[in-house]
file structure23.tsv (TSV, C-alpha atoms)
chain	number	residue	atom	x	y	z
A	1	MET	CA	-109.45	52.06	24.75
A	2	HIS	CA	-106.23	52.78	26.67
A	3	ILE	CA	-106.93	49.81	28.95
A	4	CYS	CA	-107.04	47.45	25.95
A	5	ASN	CA	-103.98	49.13	24.45
A	6	ALA	CA	-106.06	50.13	21.43
A	7	LEU	CA	-105.02	53.79	21.77
A	8	PRO	CA	-101.34	53.59	22.71
A	9	TRP	CA	-100.39	57.27	22.60
A	10	GLN	CA	-100.72	59.68	25.51
A	11	PHE	CA	-102.46	62.99	24.85
A	12	ASP	CA	-99.40	64.92	26.07
A	13	GLU	CA	-97.31	63.32	23.34
A	14	LEU	CA	-99.96	64.08	20.74
A	15	ASN	CA	-100.19	67.71	21.79
A	16	SER	CA	-96.48	68.12	21.16
A	17	ILE	CA	-96.71	66.73	17.62
A	18	ASP	CA	-96.46	69.16	14.78
A	19	HIS	CA	-99.60	68.96	12.65
A	20	ASN	CA	-97.48	69.25	9.52
A	21	GLY	CA	-96.07	65.78	10.08
A	22	LEU	CA	-95.10	63.07	12.54
A	23	SER	CA	-91.57	62.33	13.61
A	24	CYS	CA	-89.82	59.21	12.32
A	25	ASN	CA	-89.59	57.87	15.86
A	26	ILE	CA	-93.35	58.03	16.41
A	27	ILE	CA	-94.07	56.47	13.02
A	28	CYS	CA	-91.72	53.56	13.77
A	29	TRP	CA	-93.31	52.91	17.16
A	30	ARG	CA	-96.78	53.02	15.64
A	31	LEU	CA	-95.81	50.55	12.92
A	32	LEU	CA	-94.25	48.26	15.53
A	33	HIS	CA	-97.41	48.45	17.62
A	34	GLN	CA	-99.53	47.61	14.56
A	35	LEU	CA	-97.28	44.62	13.78
A	36	LEU	CA	-97.64	43.30	17.34
A	37	VAL	CA	-101.43	43.60	17.08
A	38	ILE	CA	-101.42	41.66	13.80
A	39	LEU	CA	-99.31	38.92	15.40
A	40	LEU	CA	-101.65	38.76	18.40
A	41	VAL	CA	-104.76	38.50	16.22
A	42	GLY	CA	-103.05	35.87	14.08
A	43	TRP	CA	-102.16	33.81	17.15
A	44	LEU	CA	-105.73	34.01	18.48
A	45	SER	CA	-107.01	32.97	15.04
A	46	MET	CA	-104.77	29.92	15.05
A	47	LEU	CA	-106.09	28.97	18.50
A	48	ARG	CA	-109.62	29.11	17.16
A	49	ILE	CA	-108.81	27.03	14.09
A	50	ASN	CA	-106.90	24.38	16.06
A	51	HIS	CA	-109.76	23.98	18.56
A	52	PHE	CA	-112.67	23.99	16.14
A	53	GLU	CA	-114.04	20.87	17.86
A	54	ASP	CA	-115.38	23.13	20.62
A	55	VAL	CA	-118.29	24.18	18.40
A	56	TYR	CA	-121.35	22.06	17.82
A	57	TYR	CA	-121.28	22.10	14.04
A	58	GLU	CA	-120.79	18.74	12.38
A	59	LYS	CA	-117.76	18.43	10.13
A	60	THR	CA	-120.04	17.64	7.18
A	61	ASP	CA	-122.12	20.78	7.73
A	62	ILE	CA	-120.21	22.99	5.31
A	63	PHE	CA	-122.87	25.69	5.36
A	64	SER	CA	-122.74	26.28	9.13
A	65	ILE	CA	-118.95	26.09	9.15
A	66	GLY	CA	-118.80	28.63	6.34
A	67	MET	CA	-121.13	31.04	8.15
A	68	ASP	CA	-119.03	30.74	11.32
A	69	ALA	CA	-115.81	31.37	9.34
A	70	ILE	CA	-117.30	34.46	7.67
A	71	SER	CA	-118.37	35.83	11.05
A	72	TYR	CA	-114.92	35.35	12.57
A	73	GLY	CA	-113.24	36.75	9.45
A	74	ILE	CA	-115.32	39.94	9.70
A	75	LEU	CA	-114.49	40.17	13.42
A	76	THR	CA	-110.75	39.91	12.75
A	77	ALA	CA	-110.84	42.44	9.90
A	78	ILE	CA	-112.75	45.01	11.98
A	79	HIS	CA	-110.37	44.49	14.90
A	80	LEU	CA	-107.41	45.44	12.71
A	81	ILE	CA	-109.31	48.37	11.19
A	82	VAL	CA	-110.13	49.73	14.66
A	83	TYR	CA	-106.48	49.52	15.70
A	84	TRP	CA	-105.31	51.21	12.51
A	85	GLU	CA	-107.91	53.96	12.88
A	86	ASN	CA	-107.15	54.61	16.56
A	87	THR	CA	-103.43	54.75	15.89
A	88	TRP	CA	-103.32	57.02	12.86
A	89	LYS	CA	-106.28	59.26	13.72
A	90	ALA	CA	-105.28	59.95	17.31
A	91	LEU	CA	-104.79	63.66	16.58
A	92	THR	CA	-108.47	63.94	15.69
A	93	TYR	CA	-109.25	62.43	19.10
A	94	VAL	CA	-107.32	65.26	20.78
A	95	GLU	CA	-109.02	67.96	18.68
A	96	LEU	CA	-112.40	66.63	19.77
A	97	PHE	CA	-111.64	67.13	23.46
A	98	LYS	CA	-110.09	70.55	22.86
A	99	ASN	CA	-113.27	71.75	21.14
A	100	PHE	CA	-115.45	70.32	23.91
A	101	GLU	CA	-113.37	72.19	26.49
A	102	THR	CA	-113.69	75.40	24.47
A	103	ILE	CA	-117.47	75.02	24.34
A	104	LEU	CA	-117.72	74.49	28.09
A	105	GLN	CA	-115.51	77.54	28.68
A	106	LYS	CA	-117.75	79.69	26.48
A	107	PHE	CA	-120.79	78.54	28.43
A	108	ARG	CA	-119.11	79.18	31.76
A	109	LEU	CA	-117.16	82.41	31.12
A	110	TYR	CA	-119.19	84.30	28.52
A	111	LEU	CA	-122.75	83.03	28.96
A	112	LYS	CA	-122.51	82.51	32.75
A	113	PHE	CA	-124.34	79.23	32.23
A	114	GLU	CA	-123.32	75.92	33.81
A	115	VAL	CA	-123.94	72.72	31.85
A	116	ASN	CA	-126.03	70.25	33.85
A	117	THR	CA	-124.40	66.83	33.52
A	118	THR	CA	-127.29	64.80	35.00
A	119	TYR	CA	-128.56	63.87	31.53
A	120	LEU	CA	-125.02	62.95	30.52
A	121	PHE	CA	-124.47	60.71	33.54
A	122	LEU	CA	-127.79	58.90	33.03
A	123	TYR	CA	-126.92	57.93	29.47
A	124	VAL	CA	-123.36	57.01	30.43
A	125	ALA	CA	-124.67	54.78	33.21
A	126	LEU	CA	-127.09	53.13	30.78
A	127	LEU	CA	-124.40	52.49	28.16
A	128	TYR	CA	-121.87	51.14	30.62
A	129	SER	CA	-124.53	48.94	32.24
A	130	MET	CA	-125.46	47.32	28.92
A	131	LEU	CA	-121.80	46.80	28.02
A	132	THR	CA	-120.94	45.33	31.42
A	133	LEU	CA	-123.96	43.04	31.37
A	134	ASN	CA	-123.07	41.78	27.90
A	135	ILE	CA	-119.47	41.02	28.90
A	136	LEU	CA	-120.50	39.38	32.19
A	137	ILE	CA	-123.01	37.09	30.47
A	138	THR	CA	-120.37	36.01	27.95
A	139	PHE	CA	-117.78	35.32	30.65
A	140	PHE	CA	-120.35	33.45	32.74
A	141	VAL	CA	-121.20	31.09	29.87
A	142	ILE	CA	-117.50	30.45	29.20
A	143	TYR	CA	-116.90	29.77	32.89
A	144	LEU	CA	-119.95	27.51	33.11
A	145	ARG	CA	-119.02	25.37	30.12
A	146	TYR	CA	-115.28	25.14	30.73
A	147	LEU	CA	-115.16	25.12	34.52
A	148	LYS	CA	-111.63	24.32	35.78
A	149	SER	CA	-110.33	23.97	32.22
A	150	LEU	CA	-107.57	25.67	30.26
A	151	ASN	CA	-110.07	26.11	27.44
A	152	ALA	CA	-111.72	28.82	29.51
A	153	ILE	CA	-108.49	30.84	29.49
A	154	ARG	CA	-108.15	30.41	25.73
A	155	LEU	CA	-111.73	31.45	25.08
A	156	LEU	CA	-111.33	34.48	27.32
A	157	LEU	CA	-108.31	35.49	25.24
A	158	GLU	CA	-110.38	35.08	22.09
A	159	GLN	CA	-112.90	37.55	23.52
A	160	TYR	CA	-110.26	40.27	23.21
A	161	SER	CA	-111.37	41.23	19.70
A	162	GLU	CA	-115.02	41.28	20.73
A	163	THR	CA	-114.18	43.50	23.70
A	164	ILE	CA	-112.27	45.98	21.51
A	165	LEU	CA	-115.25	46.34	19.17
A	166	LYS	CA	-117.65	46.81	22.07
A	167	PHE	CA	-115.43	49.57	23.51
A	168	LYS	CA	-115.18	51.26	20.12
A	169	LEU	CA	-118.96	51.31	19.74
A	170	LEU	CA	-119.31	52.56	23.32
A	171	GLU	CA	-116.82	55.33	22.54
A	172	TYR	CA	-118.96	56.47	19.61
A	173	ALA	CA	-122.09	56.44	21.77
A	174	LEU	CA	-120.39	58.52	24.49
A	175	PHE	CA	-119.42	61.18	21.96
A	176	LEU	CA	-123.05	61.29	20.84
A	177	VAL	CA	-124.21	61.79	24.43
A	178	ILE	CA	-121.84	64.75	24.85
A	179	ILE	CA	-123.05	66.32	21.59
A	180	VAL	CA	-126.73	65.92	22.54
A	181	THR	CA	-126.13	67.28	26.07
A	182	ILE	CA	-124.49	70.43	24.70
A	183	GLN	CA	-127.26	70.87	22.11
A	184	ARG	CA	-129.95	70.66	24.79
A	185	HIS	CA	-128.30	73.42	26.82
A	186	LEU	CA	-127.62	75.52	23.73
A	187	ASN	CA	-131.27	75.36	22.69
A	188	ALA	CA	-132.51	76.10	26.20
A	189	PHE	CA	-130.26	79.14	26.55
A	190	ALA	CA	-131.02	80.41	23.04
A	191	ALA	CA	-134.80	80.09	23.48
A	192	HIS	CA	-134.78	81.98	26.78
A	193	TYR	CA	-132.23	84.61	25.78
A	194	LEU	CA	-133.68	85.44	22.38
A	195	ARG	CA	-137.18	85.73	23.82
A	196	THR	CA	-136.10	88.20	26.49
A	197	THR	CA	-133.59	89.95	24.22
A	198	VAL	CA	-136.10	90.71	21.45
A	199	LEU	CA	-138.46	92.32	23.95
A	200	ARG	CA	-135.68	94.48	25.40
A	201	LEU	CA	-134.32	95.58	22.03
A	202	ARG	CA	-137.65	97.10	21.01
A	203	THR	CA	-137.08	100.08	23.31
A	204	MET	CA	-133.43	99.79	24.34
A	205	PRO	CA	-131.23	102.55	22.88
A	206	GLU	CA	-127.93	101.94	21.13
A	207	GLY	CA	-125.07	101.45	23.54
A	208	LYS	CA	-122.80	99.07	25.36
A	209	GLU	CA	-125.62	96.91	26.73
A	210	GLN	CA	-126.97	96.25	23.27
A	211	THR	CA	-123.47	95.47	21.99
A	212	ASP	CA	-122.99	92.94	24.77
A	213	ILE	CA	-126.25	91.23	23.88
A	214	LEU	CA	-125.29	90.99	20.25
A	215	ASN	CA	-121.88	89.60	21.24
A	216	ILE	CA	-123.57	86.87	23.28
A	217	ILE	CA	-125.65	85.87	20.26
A	218	GLY	CA	-122.39	85.70	18.32
A	219	ILE	CA	-121.01	83.36	20.99
A	220	LEU	CA	-124.04	81.10	20.47
A	221	GLN	CA	-123.10	81.02	16.81
A	222	ASP	CA	-119.52	80.09	17.71
A	223	ILE	CA	-120.70	77.25	19.94
A	224	HIS	CA	-122.85	75.82	17.16
A	225	ASN	CA	-119.92	76.10	14.77
A	226	LEU	CA	-117.71	74.17	17.22
A	227	LEU	CA	-120.42	71.53	17.53
A	228	VAL	CA	-120.56	71.10	13.76
A	229	THR	CA	-116.74	70.90	13.69
A	230	ASN	CA	-116.79	68.18	16.33
A	231	VAL	CA	-119.48	66.25	14.45
A	232	ASN	CA	-117.19	66.33	11.41
A	233	HIS	CA	-114.29	65.14	13.59
A	234	ILE	CA	-116.41	62.28	14.88
A	235	GLU	CA	-117.37	61.37	11.32
A	236	ASN	CA	-113.70	61.38	10.35
A	237	TYR	CA	-112.56	59.45	13.43
A	238	PHE	CA	-115.13	56.65	12.94
A	239	ASN	CA	-115.15	56.80	9.15
A	240	TRP	CA	-113.60	53.34	8.69
A	241	SER	CA	-114.82	51.48	11.73
A	242	LEU	CA	-118.48	52.50	12.16
A	243	PRO	CA	-119.79	50.91	8.90
A	244	MET	CA	-117.88	47.74	9.73
A	245	LEU	CA	-119.13	47.75	13.33
A	246	ILE	CA	-122.74	47.93	12.14
A	247	LEU	CA	-122.01	45.15	9.64
A	248	ARG	CA	-120.44	43.07	12.40
A	249	MET	CA	-123.46	43.65	14.66
A	250	PHE	CA	-125.75	42.61	11.82
A	251	THR	CA	-123.87	39.38	11.09
A	252	GLU	CA	-123.57	38.60	14.82
A	253	ILE	CA	-127.31	38.94	15.42
A	254	VAL	CA	-128.19	36.95	12.29
A	255	LEU	CA	-125.75	34.12	13.04
A	256	THR	CA	-126.65	34.03	16.74
A	257	SER	CA	-130.31	33.65	15.78
A	258	TYR	CA	-129.33	30.89	13.34
A	259	TRP	CA	-127.23	29.26	16.06
A	260	MET	CA	-130.22	29.36	18.43
A	261	TYR	CA	-132.24	27.48	15.83
A	262	TYR	CA	-129.40	25.04	15.14
A	263	ILE	CA	-128.78	23.95	18.74
A	264	THR	CA	-132.39	22.91	19.24
A	265	ASP	CA	-131.25	19.47	18.02
A	266	TYR	CA	-128.82	19.20	20.94
A	267	GLU	CA	-129.61	18.68	24.59
A	268	LEU	CA	-128.06	21.80	26.04
A	269	SER	CA	-128.76	23.73	29.20
A	270	ARG	CA	-131.29	26.54	28.95
A	271	LEU	CA	-128.53	28.90	30.02
A	272	TYR	CA	-127.10	28.72	26.50
A	273	HIS	CA	-130.47	29.72	25.08
A	274	LEU	CA	-130.62	32.52	27.63
A	275	TYR	CA	-127.17	33.67	26.51
A	276	GLY	CA	-128.25	33.79	22.87
A	277	TYR	CA	-131.45	35.71	23.57
A	278	SER	CA	-129.78	38.16	25.96
A	279	SER	CA	-126.91	38.77	23.51
A	280	ILE	CA	-129.34	39.61	20.70
A	281	ILE	CA	-131.49	41.86	22.89
A	282	LEU	CA	-128.52	43.77	24.33
A	283	GLN	CA	-127.00	44.39	20.89
A	284	LEU	CA	-130.32	45.63	19.53
A	285	MET	CA	-130.73	47.88	22.58
A	286	PHE	CA	-127.24	49.31	22.08
A	287	LEU	CA	-127.89	50.02	18.41
A	288	PHE	CA	-131.27	51.54	19.27
A	289	VAL	CA	-129.67	53.92	21.81
A	290	ILE	CA	-127.11	55.04	19.21
A	291	CYS	CA	-129.79	55.61	16.56
A	292	ALA	CA	-131.96	57.43	19.13
A	293	LEU	CA	-129.10	59.75	20.08
A	294	CYS	CA	-128.36	60.58	16.43
A	295	SER	CA	-132.05	61.24	15.71
A	296	GLN	CA	-132.33	63.41	18.81
A	297	SER	CA	-129.29	65.41	17.75
A	298	GLU	CA	-130.85	66.07	14.35
A	299	LYS	CA	-134.11	67.07	16.04
A	300	LEU	CA	-132.35	69.48	18.43
A	301	ASP	CA	-130.50	71.09	15.52
A	302	THR	CA	-133.83	71.62	13.76
A	303	GLN	CA	-135.30	73.07	16.95
A	304	LEU	CA	-132.50	75.63	17.16
A	305	ALA	CA	-133.26	76.74	13.61
A	306	ASN	CA	-136.95	77.01	14.50
A	307	ILE	CA	-136.11	79.16	17.53
A	308	LEU	CA	-134.45	81.68	15.23
A	309	HIS	CA	-137.21	81.58	12.62
A	310	MET	CA	-139.96	82.01	15.22
A	311	SER	CA	-138.45	85.32	16.31
A	312	ARG	CA	-138.39	86.83	12.82
A	313	HIS	CA	-141.83	88.42	13.20
A	314	GLN	CA	-140.67	90.22	16.34
A	315	ARG	CA	-137.40	91.63	15.01
A	316	HIS	CA	-137.20	95.39	15.19
A	317	ASN	CA	-133.46	95.94	15.54
A	318	PRO	CA	-131.33	95.95	12.35
A	319	LEU	CA	-128.21	94.63	14.12
A	320	LEU	CA	-130.14	91.77	15.68
A	321	ASN	CA	-131.81	91.00	12.37
A	322	GLY	CA	-128.47	90.75	10.60
A	323	LEU	CA	-126.91	88.51	13.22
A	324	LEU	CA	-129.92	86.18	13.41
A	325	ASN	CA	-130.07	85.95	9.62
A	326	GLU	CA	-126.37	85.07	9.54
A	327	MET	CA	-126.88	82.38	12.18
A	328	SER	CA	-129.92	81.01	10.30
A	329	LEU	CA	-127.80	80.76	7.17
A	330	GLN	CA	-125.14	78.89	9.14
A	331	LEU	CA	-127.70	76.41	10.47
A	332	TYR	CA	-129.04	75.89	6.95
A	333	HIS	CA	-125.63	75.08	5.49
A	334	GLN	CA	-124.15	73.29	8.53
A	335	GLN	CA	-126.78	70.79	9.54
A	336	ILE	CA	-125.84	68.20	12.16
A	337	LYS	CA	-126.20	64.68	10.78
A	338	PHE	CA	-124.43	61.44	11.57
A	339	THR	CA	-123.57	58.85	8.95
A	340	ALA	CA	-121.79	55.52	8.91
A	341	GLY	CA	-118.83	56.38	6.72
A	342	GLY	CA	-121.12	58.33	4.39
A	343	PHE	CA	-122.99	55.16	3.37
A	344	VAL	CA	-126.17	55.53	5.45
A	345	ASP	CA	-127.58	58.08	7.89
A	346	VAL	CA	-127.60	56.82	11.46
A	347	ASN	CA	-131.10	57.44	12.86
A	348	TYR	CA	-134.39	55.70	13.58
A	349	LYS	CA	-134.87	54.87	9.90
A	350	VAL	CA	-131.69	52.82	9.66
A	351	PHE	CA	-132.68	50.95	12.84
A	352	GLY	CA	-135.98	49.92	11.24
A	353	LYS	CA	-134.17	48.79	8.10
A	354	PHE	CA	-131.68	46.89	10.28
A	355	ILE	CA	-134.47	44.95	12.02
A	356	PHE	CA	-136.21	44.17	8.73
A	357	ALA	CA	-132.99	42.96	7.06
A	358	THR	CA	-132.08	40.87	10.11
A	359	VAL	CA	-135.41	39.04	10.15
A	360	CYS	CA	-135.22	38.42	6.39
A	361	TYR	CA	-131.70	36.97	6.51
A	362	VAL	CA	-132.47	34.77	9.53
A	363	VAL	CA	-135.43	33.26	7.68
A	364	ILE	CA	-133.31	32.79	4.54
A	365	LEU	CA	-130.53	31.02	6.49
A	366	ILE	CA	-132.98	28.70	8.24
A	367	GLN	CA	-134.71	27.83	4.98
A	368	PHE	CA	-131.39	27.27	3.23
A	369	HIS	CA	-130.16	24.98	6.04
A	370	MET	CA	-133.37	22.95	5.93
A	371	SER	CA	-132.98	22.42	2.18
A	372	VAL	CA	-129.31	21.32	2.38
call {"tool": "encode", "arguments": {"input": "structure23.tsv", "output": "structure tokens"}}
result
Amino acid sequence: MHICNALPWQFDELNSIDHNGLSCNIICWRLLHQLLVILLVGWLSMLRINHFEDVYYEKTDIFSIGMDAISYGILTAIHLIVYWENTWKALTYVELFKNFETILQKFRLYLKFEVNTTYLFLYVALLYSMLTLNILITFFVIYLRYLKSLNAIRLLLEQYSETILKFKLLEYALFLVIIVTIQRHLNAFAAHYLRTTVLRLRTMPEGKEQTDILNIIGILQDIHNLLVTNVNHIENYFNWSLPMLILRMFTEIVLTSYWMYYITDYELSRLYHLYGYSSIILQLMFLFVICALCSQSEKLDTQLANILHMSRHQRHNPLLNGLLNEMSLQLYHQQIKFTAGGFVDVNYKVFGKFIFATVCYVVILIQFHMSV
């Protein structure tokens, strides 16, 4: 997001800001930055309107023109929302990374447990690969159609808004990967430690060793609390943009499918059909990965609660019983769930509904176009 100038403030500057309020200087610079973004988006919109002949819609096809205008209007609105959110919620961004660092320190210093980042790197490589492939396919089609033409430069500039939204969605997915990675290690450590700890506490006398064990269980509780705090920060940071990003993805897939049907009347290269199919597949894959990560996070949180409940029949130490009961109560009241601005839960269920709604609207658009 820094590369696209969508997050213009350095973390060092944010760390020096008093949480009670922002200085007048910073507010003025942020407002100026927002004004420049609005002017840039307005200029790109005028370029699109003035070169509308680049599309294949006929001027008498009001329906197709209207659908295209709605799609671009949603794109522009989300672009501005993302900029506004990144600018005025930057402090939340810093708090997220501070909590992640605190969690890693607790694992390393108190639990003597190193977090394996192999799982993290695999998901990051997958997400970046899908994003890079999507961008490369788009740029290749633009280059192929407008080879040695100034229109190619203009269309590349118009991809700026699309690129910002893709980076924003990637940012959300990367946060999910970090959350899931920490949960996997937390569950693995808790399952092993509680199993061995319960057996030792049956015969171990009161003393320093028992106190240390109980302190470590308290650290596990602190880590889970920090995870829940970070989930709330993520919800707050993407509260405006995530519902709109899902809406944009929905309209993009529906209209791309409609466009694929529409251009069958034109003699175009199969590469354009390949672009449409690949764009739809990649967007669905990206949404599926996000929904899968959210569902896995919910599942891991449930597993941690089950780990505590499974040990209740083997509890013989009053101190351990009290601490585990307290942690169970925390898990009951602080469940990890991800929502899109509080409107819908992000999980496998919403992905199924997304596919069903997409198919229905594509069929409706095709039928409506055939009747016009």
call {"tool": "residues_around", "arguments": {"input": "structure23.tsv", "residues": "Ala305 (chain A)", "least_positions_apart": "4", "cutoff": "7 Å", "atoms": "all atoms listed in the file", "output": "PyMOL selection string"}}
result
chain A and resi 301+309+328+331
call {"tool": "closest_atom_pairs", "arguments": {"input": "structure23.tsv", "of": "region 206-245 of chain A", "to": "region 172-180 of chain A", "cutoff": "12 Å", "atoms": "only C-alpha atoms", "output": "Markdown table"}}
result
| residue | atom | partner | partner_atom | distance |
| --- | --- | --- | --- | --- |
| A:Ile223 | CA | A:Ile179 | CA | 11.3 |
| A:His224 | CA | A:Ile179 | CA | 10.5 |
| A:Leu226 | CA | A:Ile179 | CA | 10.5 |
| A:Leu227 | CA | A:Ile179 | CA | 7.1 |
| A:Val228 | CA | A:Ile179 | CA | 9.5 |
| A:Thr229 | CA | A:Ile179 | CA | 11.1 |
| A:Asn230 | CA | A:Ile179 | CA | 8.4 |
| A:Val231 | CA | A:Ile179 | CA | 8.0 |
| A:Asn232 | CA | A:Ile179 | CA | 11.7 |
| A:His233 | CA | A:Phe175 | CA | 10.6 |
| A:Ile234 | CA | A:Phe175 | CA | 7.8 |
| A:Glu235 | CA | A:Tyr172 | CA | 9.8 |
| A:Asn236 | CA | A:Tyr172 | CA | 11.7 |
| A:Tyr237 | CA | A:Tyr172 | CA | 9.4 |
| A:Phe238 | CA | A:Tyr172 | CA | 7.7 |
| A:Asn239 | CA | A:Tyr172 | CA | 11.1 |
| A:Ser241 | CA | A:Tyr172 | CA | 10.2 |
| A:Leu242 | CA | A:Tyr172 | CA | 8.5 |
| A:Leu245 | CA | A:Tyr172 | CA | 10.7 |
call {"tool": "atom_distance", "arguments": {"input": "structure23.tsv", "atom1": "CA of Leu308 (chain A)", "atom2": "CA of Leu214 (chain A)"}}
result
14.0 Å
call {"tool": "residues_around", "arguments": {"input": "structure23.tsv", "residues": "region 126-130 of chain A", "least_positions_apart": "4", "cutoff": "12 Å", "atoms": "all atoms listed in the file", "output": "count of residues only"}}
result
33
call {"tool": "atom_distance", "arguments": {"input": "structure23.tsv", "atom1": "CA of Asn225 (chain A)", "atom2": "CA of Leu329 (chain A)"}}
result
11.9 Å
call {"tool": "atom_distance", "arguments": {"input": "structure23.tsv", "atom1": "CA of Ser257 (chain A)", "atom2": "CA of Phe368 (chain A)"}}
result
14.1 Å
call {"tool": "closest_residue", "arguments": {"input": "structure23.tsv", "among": "A:Phe356, A:Tyr361, A:Tyr332, A:Tyr110", "to": "Leu304 (chain A)", "atoms": "only C-alpha atoms"}}
result
A:Tyr332
call {"tool": "closest_residue", "arguments": {"input": "structure23.tsv", "among": "A:Gln296, A:Ser371, A:Asn321, A:Thr76", "to": "Leu39 (chain A)", "atoms": "all atoms listed in the file"}}
result
A:Thr76
call {"tool": "closest_residue", "arguments": {"input": "structure23.tsv", "among": "A:Ala191, A:Leu271, A:Ile74, A:Ala69", "to": "Met249 (chain A)", "atoms": "all atoms listed in the file"}}
result
A:Ile74
call {"tool": "build_atoms", "arguments": {"input": "structure23.tsv", "residues": "region 175-181 of chain A", "atoms": "all heavy atoms", "output": "mmCIF file, in the frame of the given file"}}
result
data_model
loop_
_atom_site.group_PDB
_atom_site.id
_atom_site.type_symbol
_atom_site.label_atom_id
_atom_site.label_comp_id
_atom_site.auth_asym_id
_atom_site.auth_seq_id
_atom_site.Cartn_x
_atom_site.Cartn_y
_atom_site.Cartn_z
ATOM 1 N N PHE A 175 -119.554 59.914 22.687
ATOM 2 C CA PHE A 175 -119.420 61.180 21.960
ATOM 3 C C PHE A 175 -120.793 61.728 21.592
ATOM 4 O O PHE A 175 -121.032 62.949 21.659
ATOM 5 C CB PHE A 175 -118.573 60.992 20.707
ATOM 6 C CG PHE A 175 -117.090 60.999 20.956
ATOM 7 C CD1 PHE A 175 -116.280 60.013 20.428
ATOM 8 C CD2 PHE A 175 -116.499 61.983 21.712
ATOM 9 C CE1 PHE A 175 -114.914 60.009 20.661
ATOM 10 C CE2 PHE A 175 -115.138 62.001 21.951
ATOM 11 C CZ PHE A 175 -114.346 61.008 21.418
ATOM 12 N N LEU A 176 -121.704 60.847 21.188
ATOM 13 C CA LEU A 176 -123.050 61.290 20.840
ATOM 14 C C LEU A 176 -123.764 61.900 22.056
ATOM 15 O O LEU A 176 -124.461 62.910 21.934
ATOM 16 C CB LEU A 176 -123.869 60.111 20.307
ATOM 17 C CG LEU A 176 -123.427 59.506 18.973
ATOM 18 C CD1 LEU A 176 -124.325 58.329 18.606
ATOM 19 C CD2 LEU A 176 -123.443 60.539 17.864
ATOM 20 N N VAL A 177 -123.580 61.274 23.213
ATOM 21 C CA VAL A 177 -124.210 61.790 24.430
ATOM 22 C C VAL A 177 -123.698 63.192 24.745
ATOM 23 O O VAL A 177 -124.479 64.084 25.119
ATOM 24 C CB VAL A 177 -123.931 60.835 25.614
ATOM 25 C CG1 VAL A 177 -124.425 61.451 26.918
ATOM 26 C CG2 VAL A 177 -124.623 59.498 25.385
ATOM 27 N N ILE A 178 -122.400 63.415 24.585
ATOM 28 C CA ILE A 178 -121.840 64.750 24.850
ATOM 29 C C ILE A 178 -122.414 65.775 23.879
ATOM 30 O O ILE A 178 -122.796 66.887 24.275
ATOM 31 C CB ILE A 178 -120.301 64.699 24.751
ATOM 32 C CG1 ILE A 178 -119.726 63.772 25.815
ATOM 33 C CG2 ILE A 178 -119.713 66.100 24.919
ATOM 34 C CD1 ILE A 178 -118.229 63.555 25.700
ATOM 35 N N ILE A 179 -122.497 65.413 22.599
ATOM 36 C CA ILE A 179 -123.050 66.320 21.590
ATOM 37 C C ILE A 179 -124.496 66.686 21.929
ATOM 38 O O ILE A 179 -124.887 67.862 21.914
ATOM 39 C CB ILE A 179 -122.964 65.679 20.192
ATOM 40 C CG1 ILE A 179 -121.523 65.555 19.718
ATOM 41 C CG2 ILE A 179 -123.778 66.484 19.174
ATOM 42 C CD1 ILE A 179 -120.850 66.859 19.388
ATOM 43 N N VAL A 180 -125.305 65.681 22.242
ATOM 44 C CA VAL A 180 -126.730 65.920 22.540
ATOM 45 C C VAL A 180 -126.874 66.761 23.804
ATOM 46 O O VAL A 180 -127.725 67.660 23.871
ATOM 47 C CB VAL A 180 -127.471 64.577 22.670
ATOM 48 C CG1 VAL A 180 -128.885 64.797 23.202
ATOM 49 C CG2 VAL A 180 -127.523 63.861 21.325
ATOM 50 N N THR A 181 -126.057 66.497 24.818
ATOM 51 C CA THR A 181 -126.130 67.280 26.070
ATOM 52 C C THR A 181 -125.847 68.752 25.804
ATOM 53 O O THR A 181 -126.556 69.638 26.310
ATOM 54 C CB THR A 181 -125.132 66.722 27.088
ATOM 55 O OG1 THR A 181 -125.419 65.347 27.353
ATOM 56 C CG2 THR A 181 -125.204 67.499 28.391
#
